[in-house]
Amino acid sequence: QRHVVTGVVSSAEDGTPIPFASVVVKGTTIGTSTDFDGKYSIEVTEDAILAYSMIGFETKEVLVESKIVINVILLTQTTGLDEVVVVGYGTQKKRDVTGAVSIVDSKTIEALKPVKVEQALQGTTAGVTVTSASGAPGSGLDIRIRGISTNGDASPVAIIDGYQGDLGTLNPDDIETITVLKDAQAAIYGTVGANGIILITTKTGRKNTAATVSFNSSIGIQETSRKLPVLNATEYGVLLNEAYAANGEALPFLNVANLGKGTNWQNELFERAPVLNNNISVNGGSDKIVYSLSASDLDQKGIVGKDKTGYKRNTARVNLGADLSDNFKMKSSVIYTYIKRKSINENGLGSVLFNALNMPSTMPVYDSNGNYFLAPTSLGIEIINPLAQIADTYNDYNLKKLNGNFSLDYEYSKHLKATARIGFNTSNSESKTFSKIVDYGGKVFDKTRSSVNQNAENFNDYTFDAFVTYDNTFNEKHHLSATLGTTVFKEWGNHLDATGYDVPNNSWDFADIGLANGVSDSKSVGSWTFDQRRLSYFSRIQYDYEGKYLLSAMIRRDASTKFGPDESVAYFPSATAGWVISDEDFMSGIEEIDFIKLRASYGLLGSDKIDSYKYISQLDGEATYVFDGVLAPGTAIGANPNPTVKWEESEQFDVGVDIKLLNNKIDVNADYFIKTTNDLLIGNIPVSGILGVAAPGAAGPTVNAGTVRNKGFEFAVGYRGNITKDLSFKVNYNFTTLNNEVLEVNNGSGFIEGGNFGVGQPAPSRMEVGKAIGYFYGYKTDGIFQNQAEVDAHPSQTALGAEASPGDIRYVDINGDGKLTSDDRTNLGDPIPDVTMGLNISLNYKGFDFVAYSYASIGNEMVRNYERSNSNVNRLSTSLNRWTGAGTSNSVPRLTTAATANNIFSDYFVEDASFLRIQNVQLGYTFPKSITEKLRISKLRFYGSVANLYTFTDYTGFDPAASTGAPIGGGIDYGFYPAARTFTFGLNLNF
Amino acid sequence: DDFVELSPEYSIDSENYFNSSDDYYNALIASYDMLQSTYVNVILGEIASNNTLCGGESATDVVGWQQVDDMIHTPVNSNLRDVWNWMFAGVQRCNYFMEFKDNIDFDGREIMIGEVRFLRAYYHFELVKWFGAIPLKIDERYKLGDETSIPRSPVSDVYAQIEADLLLAIKVLPATASQTGRVTKGAAQALLGKAYLFQDKFSESAAVFEELIKDENYSLVSDYNTIFEAEGENGVESVFEVQYTDVEGAGFGCLQCSEGNVAVGFSGVRGYVGDLYTSGFSFNLPTQDAVDEFEPGDNRKDVAILDIEAWAAETGAEYTTGFEHTGYFNRKYIPRKRSADAQGDLNLTNPNNYRAIRYADVLLMAAEANNRGGVSDTKAQEYLSQVRRRAFGDTNHDVTLTGAALTDAIYHERRVELIGEGHHFFDLVRTGRAASEIDGFVAGKNEVFPIPLEEIQFANGNWEQNPNY
C-alpha cells in the first residue's frame with residue numbers, strides 16, 4: 001500500500017526548519033530533499049523506514065506505518081564520532097583517529113572573534129601555547145605545540161587545504177576547522193612535522209543548498225589592559241633627593257612641595273583606539289557544484305601611537321568544487337590578501353613604552369614654546385620623550401599575497417582513488433622607513449642626516465602532491481586503507497633594499513629614494529635570493545578489524561636542499577594503534593559509557609628549518625676597511641660551513657584515551673607524551689673563536705648539537721547538557737603540564753647563551769644540560785643587609801660591582817667558597833609554564849547565547865627589564881617601600897646614587913608571571929524566526945563582547961602573557977606592548 | 001632526486017675563489033678589516049693599567065671591563081673573550097689568504113702577501129700579549145675540531161712565528177704604501193723591533209729600530225696636539241695607523257662590525273654639550289696619579305688629559321658624571337664634533353684613527369733597547385731627548401742619565417708620551433713593574449689574561465687555563 005507522506009524537518013536546537021535535508025527510504029535509492037521551509041513530500045509503502053539526514057545533525061529513522069504527516073526534529077550531532085577529521089593526505093572519522101589531535105571549529109572562532117587565527121588556539125587546545133611579543137596591531141604570534149623543542153625555529157607548519165601556507169595572513173572568518181596534529185601521526189608530513197602540524201580547512205559550500213549570504217560586522221574599542229604604577233612628581237622628587245643625599249651629593253630638588261603629581265606619561269601615551277571588522281560571504285551549491293566566496297576588511301588602530309600604528313587587512317576568497325563527472329572531482333580555492341601595517345619602536349632599551357616608564361613625572365610633555373620637551377642626558381642617552389619619539393616615527397609595510405590550490409580527485413573504482421593537487425603562495429611586500437633629521441639633545445636617536453630605507457621582497461612557493469588511496473573491506477571485518485604518494489615543495493624568492501639620503505624638506509611626504517639625492521660613502525643597497533626544495537615520498541597503511549582494533553603505519557622519505565648531498569635524504573617511520581574498548585562485548589552492559597578508545601603512537605619526525613646553504617662555505621661575510629680615506633669593500637667568509645649538517649629528528653611517543661560518557665554528554669581526552677628532539681639544528685652555534693666566527697658577517701656553523709625532551713600530560717573534558725528545555729550549556733576545560741629538559745648541548749661548553757639584561761651585563765638566559773631551555777641564569781638573593789654587622793658577616797660582594805652597605809641586596813654564595821663571583825650564578829627559573837589551562841563556557845537560552853573563555857598559565861617566570869639602571873629616571877611605585885634603615889624592608893634595596901651591585905641580574909628581577917586571563921566574554925541575541933522571516937532574512941544576531949576582560953596575576957609588568965618567542969631569552973620584558981582590552985559590538989546577518 | 005640537487009644562486013664559494021688580482025685584493029681588505037676591532041685592546045689595555053679607571057654609567061656597566069680595571073677578572077668575561085675572538089678572526093682571515101696565496105701570479109702579489117704576513121703578526125702579537133701561549137696554525141684556516149687537537153704553542157714559538165712573518169714582510173714591503181692605510185716596510189720593522197723588545201732581545205731590537213730610523217721615512221710632528229686631531233691622521237709620525245671612518249652606521253649588536261673607533265665614544269664625556277667635543281659613555285677615566293706623572297711645563301699634558309671641570313668653567317660646556325668620575329678624560333681619543341654625514345649610532349662610529357705605532361714610540365723603544373741591552377746609552381739619550389724636546393719645546397729637558405736611571409727615565413717618558421694609547425699595561429708587565437704599580441695585580445697570574453672559559457670548554461681538555469685563574 002503506497003501513500004504520500006508530508007512533513008517538516010526542523011532543528012532541535014532552535015526549532016528552525018532545515019532546508020535541503022535528505023529524506024530517503026531506507027535500503028533504496030528512493031528519496032527527496034526538503035525545500036527552503038524544510039517541507040518534503042514522498043510516496044512510500046507502509047513498511048518503509050524513512051531516514052532523515054543532514055550534515056551536522058544526527059540521522060533519524062522513522063517507521064512510516066499509516067502516518068501521512070511525519071514532522072521530524074533532528075538533533076544536532078553531539079557525539080562527533082562520525083565527524084570527519086583531516087589527518088594529512090586524507091581524512092578519517094573521528095572515532096578511527098589514533099593520533100593526538102585537537103580541533104577548533106568555526107563556531108569557536110566565531111565566539112572568540114580573533115583578529116588573527118593563532119589567537120583561536122590559545123586556551124581551546126590542550127598542548128598548544130600561543131604567545132605574542134606585542135599587543136600592537138598586526139604583531140606576529142608564536143605557536144608552540146607540546147613545548148619548545150629546539151633553539152632553532154620551533155614553530156609548527158601550517159598546511160592550508162593541503163599546501164604549506166601561513167596562518168598569519170589568513171582571515172579567521174574563512175576557516176572551517178583547525179586541526180592540530182600533535183604527535184607521531186604528523187609523521188606523514190615527515191620533513192616538517194617535528195614541531196607539529198596545523199591543518200587548516202577553509203570554508204566550502206555544501207551541495208544542494210541555496211545561496212546563503214552572510215554578513216558579519218563589528219566595531220570595537222580597544223584600551224590598554226594595564227598601566228604600571230610609577231612615582232608621581234612629588235614622590236619622584238622626594239626619592240631622588242634621598243638617593244642623592246645617600247651619596248653625599250647636593251639635592252636636585254630644593255623644594256619638593258610644589259612638584260604636585262606632574263606628568264603621567266602612560267596616560268599621555270595610551271589612548272582608546274577602534275577596530276573595525278566587516279566580512280561578507282556567500283555559500284551554496286547545486287548537485288554538482290559547491291561554492292564559497294568571501295571578502296573581508298579589518299582595520300585596527302593601536303592603543304599607543306594611534307595613527308603611527310595600525311593594521312589593515314583585506315581578503316577575498318573564492319572556493320569552488322565541482323563534480324566533473326561521476327568519478328572526476330575538482331576543488332579549487334584562491335585567497336587574495338592585502339595587509340598594511342605601521343609600527344613603533346617596541347620591547348627594547350629606548351622603546352616607546354620603556355621611555356614612558358622611565359621618564360620622570362616632573363618633566364612636561366611640551367616645553368614653554370609648545371615643542372616636545374627634550375629629555376636631558378642625565379637620564380641616559382636612550383631615554384627620550386616617548387611622545388616625540390612617536391611623532392618622529394614613520395614607517396609603512398604592505399603585503400600583497402595570493403595563495404590557493406587546485407586539486408583533482410579521480411575515482412578509478414569504489415576502492416581506488418587518486419588525487420593530484422597543487423597549492424601555491426606568492427607574495428610581494430614593500431616597506432619603507434623614514435628617519436628624519438632630529439635632535440633630542442645628545443641621544444642615540446639623534447639624526448644629523450635624513451634617510452629613507454625601502455625594501456621589496458618576493459616570496460613564492462608551491463606544494464605539489466600526487467597520491468593514490470586504496471580502501472577496501474574484506475570479509476566485512478578487515479578494513480584496509482593504503483596511501484602512496486609524493487610531495488614536491490619548492491620555495492624561492494628575492495629581496496632588494498636600498499637607502500636614500502637627504503630627503504627633501506625632511507618630510508615623510510617626500511620620503512622616497514627617487515627624491516633622496518644625497519650621496520653616501522658606504523654601500524646603501526643590498527639584495528639576496530634563494531631557492532630551496534624538498535622531495536618526498538610517503539606511504540601509509542591503515543587497518544582496522546571491525547572498527548575495534550586500529551593500526552596504522554607510515555613511512556616517508558624526504559630529501560631537502562637545506563643539507564649537503566650526502567645528508568639530504570632521511571626516512572621517517574611511525575606507527576599508531578587504537579583499541580575501541582567500548583565495542584567489546586564485555587562493555588555492552590555498561591550504559592554510562594558510550595565510547596572508550598585507547599590509542600598510542602610512536603614515530604620519528606624531522607625538521608629542516610635552517611637557513612639555506614649552511615653546508616657550504618660562502619663568501620658572504622663582511623669586509624670593509626678604509627684605504628685613502630674612503631671605504632674599501634672586500635670579500636670575507638661568512639658563516640662557518642658544516643658539510644655534515646643533517647636532519648633534526650624528533651622522536652615522539654604518545655598514549656591517550658578518548659572517552660564519552662552519559663549519552664555523549666561528557667567527552668574526555670587525555671594524553672601523555674614524551675617528545676625528544678635529537679640532533680637539534682642550532683644555527684650560529686657558539687664554537688671556538690679560533691675559527692674566526694666573531695668576524696663581521698661570520699657566524700658559527702649550523703650544527704646538529706643537542707637534545708631536548710618535552711614531556712607532559714594533556715587532559716580535556718567537555719560537558720554538554722540541558723538544564724531546562726530552553727537552556728543548554730557547554731563547558732570545556734583543558735590543562736597541559738609540560739616538563740622541558742635539555743639533555744645535551746654538544747658544542748663543548750655545554751650551554752648556549754641568549755637574551756639581554758640591563759646595559760653591558762652578561763647574557764641572562766641559557767640553554768644548558770639538565771635545565772629547561774632558556775632558563776634564567778643569575779644571582780640568588782637573600783633579602784637586604786639590615787646593618788653593617790650583617791654586611792661584615794657575609795662574603796665580600798665587591799667582585800659583583802661594589803662593596804655592600806646596609807640597605808643593599810644580599811647575594812647568596814651558592815658554591816660556598818666564601819667569595820661572591822660570577823661562579824655563584826644559578827638557575828632562577830624559566831619562562832616555560834608548568835601548567836596551562838583553558839576553561840570555556842557557553843550557554844544558550846532561547847535567542848540568547850553567551851560564551852566565556854579563560855586561559856591560565858602557571859609557573860612561568862618573567863624578567864623585569866624595563867627599569868633603566870640610572871639614578872635620575874622615574875621608578876616603579878614599589879620603590880616607596882625601599883629600605884631606609886634597619887628593619888624597614890627586606891625586599892626593596894636602598895636608594896642611592898653611589899655604586900652598588902643591586903642592579904646585577906638576580907632573582908630580584910625575576911618574577912612569577914603566572915596568570916589567569918578572562919580571554920573573551922560574549923553575549924548575543926538572535927531574533928526569532930517570526931520576526932526575521934518578515935524581513936526576508938534567515939538570521940539576525942546582535943552581540944557584544946569583551947576580549948581580554950581581566951588578567952589575574954602578581955606580575956608587575958604590562959603583560960604576563962607576552963614573550964618574544966625566542967627559545968633562549970624569550971621571557972625578558974623591556975615593557976611589552978600590552979594586549980588591548982577590546983569592547984566589541986557586532987551583528988551577524990544571513991539571508 | 002635531480003630536483004633537490006642545485007647550486008646556490010649568486011653566491012661565491014670560498015674554495016673556488018682567488019682567480020684574479022681583484023680577488024686577492026678583496027681578501028686582503030678582509031685581513032685588514034679586523035684591525036678596527038682592536039679598539040677594545042686599546043681601551044681595555046688602558047683600563048687594565050694604572051692610567052685610568054673603568055668608569056661608565058655604573059658599577060655594572062660593561063662588567064667585564066670593570067673587573068679588569070679592578071684586577072678581579074676571571075675566565076668568565078665576555079669582553080676578554082672579544083679580544084680572543086676578534087684577534088683570532090683576524091688570524092683566520094690572514095690564513096685564508098695565505099692558504100690560496102699561490103693560486104695565480106700577478107704584479108703586486110708579493111707585496112700583498114707581505115701585508116698579510118704583517119697583519120697576521122700584528123694579530124698574533126696582540127694575542128700573545130693578552131693570553132700568552134696560543135694555538136698556532138699557519139697558512140691554513142682553523143677547522144672545527146682544531147680546538148681539541150692543536151695545542152697552545154709556547155710564547156717563544158708564537159714570537160718565532162711573528163718574527164718569521166715580519167722578516168719576510170720587511171723584504172717585500174715598500175717604504176711608501178700605494179694607498180694610505182696600507183702597511184709599509186717601516187711598520188713591519190717597528191713591529192718586529194717591538195716584538196724583540198717584548199722578549200728582551202735588546203740587540204736585535206736595537207738593530208732593527210736602527211735601520212728604521214736610518215731610513216728617515218718618519219719624523220716627529222712638531223706640534224704634539226695636531227697628531228690626534230683629524231687633520232693629523234696618517235701624518236709623518238704615523239708608522240702604523242688603524243683607519244676608521246664614520247660614513248657607515250653601526251649598532252651595539254656587532255661592535256666589531258663598526259667602521260668607526262668604538263673606543264672613542266666609550267671614552268667621551270657623559271652628557272656633554274658644548275664646544276669642540278661631543279658626548280660619550282665616560283669610560284677610561286685618567287687617574288690623578290697618571291695626571292701627576294706629567295712634569296711641569298710638559299706640553300703634552302693638556303693634549304692628553306681633558307680636565308672637564310676647568311674646561312666647563314672656561315667654555316660653559318655642560319656634562320654629567322658617571323661611575324668613578326675623576327674629572328679627567330682621555331683627550332687624545334674622545335669624540336670631536338662630527339660631520340653632517342656621520343652615521344649613527346654616533347657613539348660607535350667616531351672616525352678617529354688609532355695611531356698604533358708612532359715614531360715617538362719607535363724612538364722610545366729604540367732608546368730602551370739601546371739602554372737595557374747595553375748597546376749604547378748615548379743613542380738612548382739622543383732618542384729620548386728627541387721626544388722630550390718636542391714635549392717641552394726646548395733642549396733644557398734633554399736627558400743625560402745613564403744605566404738604570406736612564407731606564408727609569410725612558411719608562412717615565414713612555415708613560416706620559418703614550419698615555420691613553422693602550423701601551424702602558426703591557427709595558428708594566430714586560431718590565432716586571434706591574435705588581436708594584438697596579439692595585440690588585442697578582443704577580444704570577446695577571447701578567448696574562450685568562451683564556452675565556454668557553455674556549456677551555458670547547459678545547460675539551462686540550463688547553464690548560466693560564467696559571468692561577
# chains A, B, ... in the order shown; residues from 1 in each chain; ligands from 1
>>> interface_residues(of="chain A", to="chain B", cutoff="6 Å", atoms="only C-alpha atoms", output="ChimeraX atom specification")
/A:377,448,521-522,533,561,617-619,623-628,634-636,688-692,694-696,748-749,760,801,899
>>> residues_around(residues="stretch 487-495 of chain A", least_positions_apart="5", cutoff="10 Å", atoms="only C-alpha atoms", output="PyMOL selection string")
(chain A and resi 163-164+189+420-430+455-467+526-538+558-561) or (chain B and resi 3-4)
>>> select_by_dssp(residues="stretch 130-228 of chain A", states="strand (DSSP E or B)", output="number ranges by chain")
A: 130-132, 141-145, 157-160, 163-165, 175-181, 197-202, 209-224
>>> write_last_selection(atoms="C-alpha atoms", output="mmCIF file, in the first residue's frame")
data_model
loop_
_atom_site.group_PDB
_atom_site.id
_atom_site.type_symbol
_atom_site.label_atom_id
_atom_site.label_comp_id
_atom_site.auth_asym_id
_atom_site.auth_seq_id
_atom_site.Cartn_x
_atom_site.Cartn_y
_atom_site.Cartn_z
ATOM 1 C CA VAL A 130 50.301 30.832 21.790
ATOM 2 C CA THR A 131 52.339 33.839 22.775
ATOM 3 C CA SER A 132 52.871 37.244 21.317
ATOM 4 C CA LEU A 141 52.227 35.300 17.269
ATOM 5 C CA ASP A 142 54.231 32.256 18.170
ATOM 6 C CA ILE A 143 52.647 28.847 18.424
ATOM 7 C CA ARG A 144 54.365 26.062 20.270
ATOM 8 C CA ILE A 145 52.969 22.561 20.255
ATOM 9 C CA VAL A 157 53.983 24.116 9.986
ATOM 10 C CA ALA A 158 50.599 25.212 8.722
ATOM 11 C CA ILE A 159 49.010 23.239 5.923
ATOM 12 C CA ILE A 160 46.084 25.053 4.332
ATOM 13 C CA TYR A 163 49.523 23.037 0.871
ATOM 14 C CA GLN A 164 52.095 24.667 3.080
ATOM 15 C CA GLY A 165 50.901 28.141 3.988
ATOM 16 C CA ILE A 175 38.262 28.946 8.330
ATOM 17 C CA GLU A 176 36.039 25.938 8.765
ATOM 18 C CA THR A 177 38.284 23.919 11.057
ATOM 19 C CA ILE A 178 41.751 23.989 12.510
ATOM 20 C CA THR A 179 43.179 20.552 13.205
ATOM 21 C CA VAL A 180 46.328 20.296 15.257
ATOM 22 C CA LEU A 181 48.346 17.113 14.813
ATOM 23 C CA ILE A 197 51.292 20.341 12.080
ATOM 24 C CA ILE A 198 48.357 22.703 11.946
ATOM 25 C CA LEU A 199 45.890 21.762 9.258
ATOM 26 C CA ILE A 200 43.519 24.454 8.104
ATOM 27 C CA THR A 201 40.412 23.690 6.153
ATOM 28 C CA THR A 202 38.820 26.722 4.588
ATOM 29 C CA THR A 209 21.951 24.280 -0.598
ATOM 30 C CA ALA A 210 20.625 27.614 -1.687
ATOM 31 C CA ALA A 211 22.947 30.534 -1.663
ATOM 32 C CA THR A 212 23.354 31.868 1.835
ATOM 33 C CA VAL A 213 24.671 35.342 2.121
ATOM 34 C CA SER A 214 26.110 36.121 5.451
ATOM 35 C CA PHE A 215 27.279 39.475 6.593
ATOM 36 C CA ASN A 216 29.218 39.984 9.779
ATOM 37 C CA SER A 217 30.175 43.377 11.014
ATOM 38 C CA SER A 218 31.651 44.582 14.239
ATOM 39 C CA ILE A 219 33.116 47.658 15.779
ATOM 40 C CA GLY A 220 35.418 47.501 18.745
ATOM 41 C CA ILE A 221 37.050 49.939 21.070
ATOM 42 C CA GLN A 222 40.436 48.938 22.425
ATOM 43 C CA GLU A 223 42.092 50.242 25.534
ATOM 44 C CA THR A 224 45.141 49.238 27.473
#
>>> residues_around(residues="A:Asp396", least_positions_apart="2", cutoff="6 Å", atoms="only C-alpha atoms", output="ChimeraX atom specification")
/A:342,431-432
>>> write_last_selection(atoms="N, CA, C and O atoms", output="PDB file, in the first residue's frame")
ATOM      1  N   LYS A 342      51.718  49.582  10.218  1.00  0.00           N
ATOM      2  CA  LYS A 342      52.650  50.602  10.709  1.00  0.00           C
ATOM      3  C   LYS A 342      52.981  50.253  12.149  1.00  0.00           C
ATOM      4  O   LYS A 342      52.138  49.741  12.874  1.00  0.00           O
ATOM      5  N   SER A 431      58.367  47.741   2.070  1.00  0.00           N
ATOM      6  CA  SER A 431      58.341  48.519   3.293  1.00  0.00           C
ATOM      7  C   SER A 431      59.206  49.740   3.128  1.00  0.00           C
ATOM      8  O   SER A 431      60.103  49.792   2.281  1.00  0.00           O
ATOM      9  N   LYS A 432      58.899  50.715   3.937  1.00  0.00           N
ATOM     10  CA  LYS A 432      59.596  51.981   3.854  1.00  0.00           C
ATOM     11  C   LYS A 432      59.753  52.533   5.266  1.00  0.00           C
ATOM     12  O   LYS A 432      58.819  52.508   6.056  1.00  0.00           O
TER      13      LYS A 432
END
>>> residues_around(residues="stretch 383-392 of chain A", least_positions_apart="5", cutoff="6 Å", atoms="only C-alpha atoms", output="VMD selection string")
chain A and resid 350 352 355 to 356 372 375
>>> write_last_selection(atoms="N, CA and C atoms", output="PDB file, in the first residue's frame")
ATOM      1  N   GLY A 350      65.050  51.908  25.246  1.00  0.00           N
ATOM      2  CA  GLY A 350      64.759  53.086  24.438  1.00  0.00           C
ATOM      3  C   GLY A 350      63.515  52.951  23.584  1.00  0.00           C
ATOM      4  N   VAL A 352      59.314  52.894  23.016  1.00  0.00           N
ATOM      5  CA  VAL A 352      58.329  53.889  23.449  1.00  0.00           C
ATOM      6  C   VAL A 352      57.826  53.625  24.872  1.00  0.00           C
ATOM      7  N   ASN A 355      60.482  54.085  27.513  1.00  0.00           N
ATOM      8  CA  ASN A 355      60.684  55.501  27.810  1.00  0.00           C
ATOM      9  C   ASN A 355      59.556  56.071  28.663  1.00  0.00           C
ATOM     10  N   ALA A 356      58.333  55.618  28.383  1.00  0.00           N
ATOM     11  CA  ALA A 356      57.196  56.129  29.158  1.00  0.00           C
ATOM     12  C   ALA A 356      57.351  55.782  30.632  1.00  0.00           C
ATOM     13  N   TYR A 372      57.993  69.584  21.773  1.00  0.00           N
ATOM     14  CA  TYR A 372      58.170  68.452  22.681  1.00  0.00           C
ATOM     15  C   TYR A 372      59.345  68.729  23.610  1.00  0.00           C
ATOM     16  N   ALA A 375      64.196  65.273  26.781  1.00  0.00           N
ATOM     17  CA  ALA A 375      64.695  64.621  27.994  1.00  0.00           C
ATOM     18  C   ALA A 375      66.190  64.920  28.128  1.00  0.00           C
TER      19      ALA A 375
END
>>> residues_around(residues="B:Ala369", least_positions_apart="6", cutoff="12 Å", atoms="only C-alpha atoms", output="ChimeraX atom specification")
/B:193-210,362-363,375-381,383-384,403,406-407,410-411
>>> residues_around(residues="B:Glu229", least_positions_apart="6", cutoff="9 Å", atoms="only C-alpha atoms", output="mmCIF file with N, CA, C and O atoms, in the first residue's frame")
data_model
loop_
_atom_site.group_PDB
_atom_site.id
_atom_site.type_symbol
_atom_site.label_atom_id
_atom_site.label_comp_id
_atom_site.auth_asym_id
_atom_site.auth_seq_id
_atom_site.Cartn_x
_atom_site.Cartn_y
_atom_site.Cartn_z
ATOM 1 N N LYS B 332 93.036 62.542 23.942
ATOM 2 C CA LYS B 332 93.502 62.096 22.622
ATOM 3 C C LYS B 332 92.397 61.386 21.855
ATOM 4 O O LYS B 332 92.284 61.509 20.643
ATOM 5 N N ARG B 336 85.215 64.169 18.894
ATOM 6 C CA ARG B 336 85.199 65.562 18.450
ATOM 7 C C ARG B 336 83.845 65.843 17.826
ATOM 8 O O ARG B 336 83.037 64.935 17.613
ATOM 9 N N ASN B 352 87.946 58.664 14.487
ATOM 10 C CA ASN B 352 89.337 58.887 14.909
ATOM 11 C C ASN B 352 90.218 57.667 14.664
ATOM 12 O O ASN B 352 90.040 56.610 15.274
#
>>> decode(residues="stretch 565-581 of chain A", atoms="N, CA, C and O atoms", output="compact mmCIF listing (two decimals), in the first residue's frame")
# COMPACT_ATOMS: atom_id res chain seq x y z
N PRO A 565 74.75 17.14 -0.21
CA PRO A 565 74.35 15.96 -1.00
C PRO A 565 74.39 14.66 -0.19
O PRO A 565 73.55 13.79 -0.38
N ASP A 566 75.35 14.54 0.74
CA ASP A 566 75.48 13.29 1.47
C ASP A 566 74.43 13.12 2.57
O ASP A 566 74.20 12.04 3.06
N GLU A 567 73.85 14.23 2.98
CA GLU A 567 72.93 14.16 4.13
C GLU A 567 71.52 14.57 3.77
O GLU A 567 70.69 14.76 4.64
N SER A 568 71.24 14.73 2.49
CA SER A 568 69.95 15.32 2.13
C SER A 568 68.76 14.40 2.39
O SER A 568 67.66 14.85 2.61
N VAL A 569 69.01 13.09 2.39
CA VAL A 569 67.89 12.16 2.48
C VAL A 569 67.71 11.62 3.89
O VAL A 569 68.67 11.33 4.58
N ALA A 570 66.46 11.52 4.32
CA ALA A 570 66.18 10.90 5.60
C ALA A 570 64.85 10.15 5.52
O ALA A 570 63.99 10.48 4.70
N TYR A 571 64.69 9.14 6.36
CA TYR A 571 63.46 8.35 6.41
C TYR A 571 62.78 8.57 7.75
O TYR A 571 63.43 8.59 8.79
N PHE A 572 61.48 8.74 7.70
CA PHE A 572 60.73 8.99 8.93
C PHE A 572 59.60 8.00 9.07
O PHE A 572 58.55 8.15 8.44
N PRO A 573 59.78 6.98 9.88
CA PRO A 573 58.73 5.99 10.09
C PRO A 573 57.88 6.31 11.33
O PRO A 573 58.35 6.98 12.24
N SER A 574 56.67 5.86 11.34
CA SER A 574 55.87 5.97 12.55
C SER A 574 54.75 4.94 12.52
O SER A 574 54.42 4.39 11.47
N ALA A 575 54.19 4.71 13.69
CA ALA A 575 53.08 3.77 13.78
C ALA A 575 52.12 4.24 14.86
O ALA A 575 52.52 4.85 15.84
N THR A 576 50.83 3.97 14.63
CA THR A 576 49.85 4.30 15.66
C THR A 576 48.93 3.09 15.84
O THR A 576 48.79 2.26 14.93
N ALA A 577 48.32 3.01 17.01
CA ALA A 577 47.41 1.91 17.27
C ALA A 577 46.26 2.40 18.12
O ALA A 577 46.43 3.32 18.92
N GLY A 578 45.11 1.80 17.92
CA GLY A 578 43.96 2.18 18.73
C GLY A 578 43.12 0.96 19.07
O GLY A 578 43.12 -0.03 18.33
N TRP A 579 42.44 1.05 20.17
CA TRP A 579 41.56 -0.04 20.59
C TRP A 579 40.28 0.59 21.12
O TRP A 579 40.31 1.31 22.13
N VAL A 580 39.19 0.31 20.40
CA VAL A 580 37.91 0.87 20.84
C VAL A 580 37.32 -0.12 21.85
O VAL A 580 36.64 -1.09 21.48
N ILE A 581 37.60 0.09 23.09
CA ILE A 581 37.21 -0.85 24.15
C ILE A 581 35.70 -0.96 24.25
O ILE A 581 35.14 -2.01 24.50
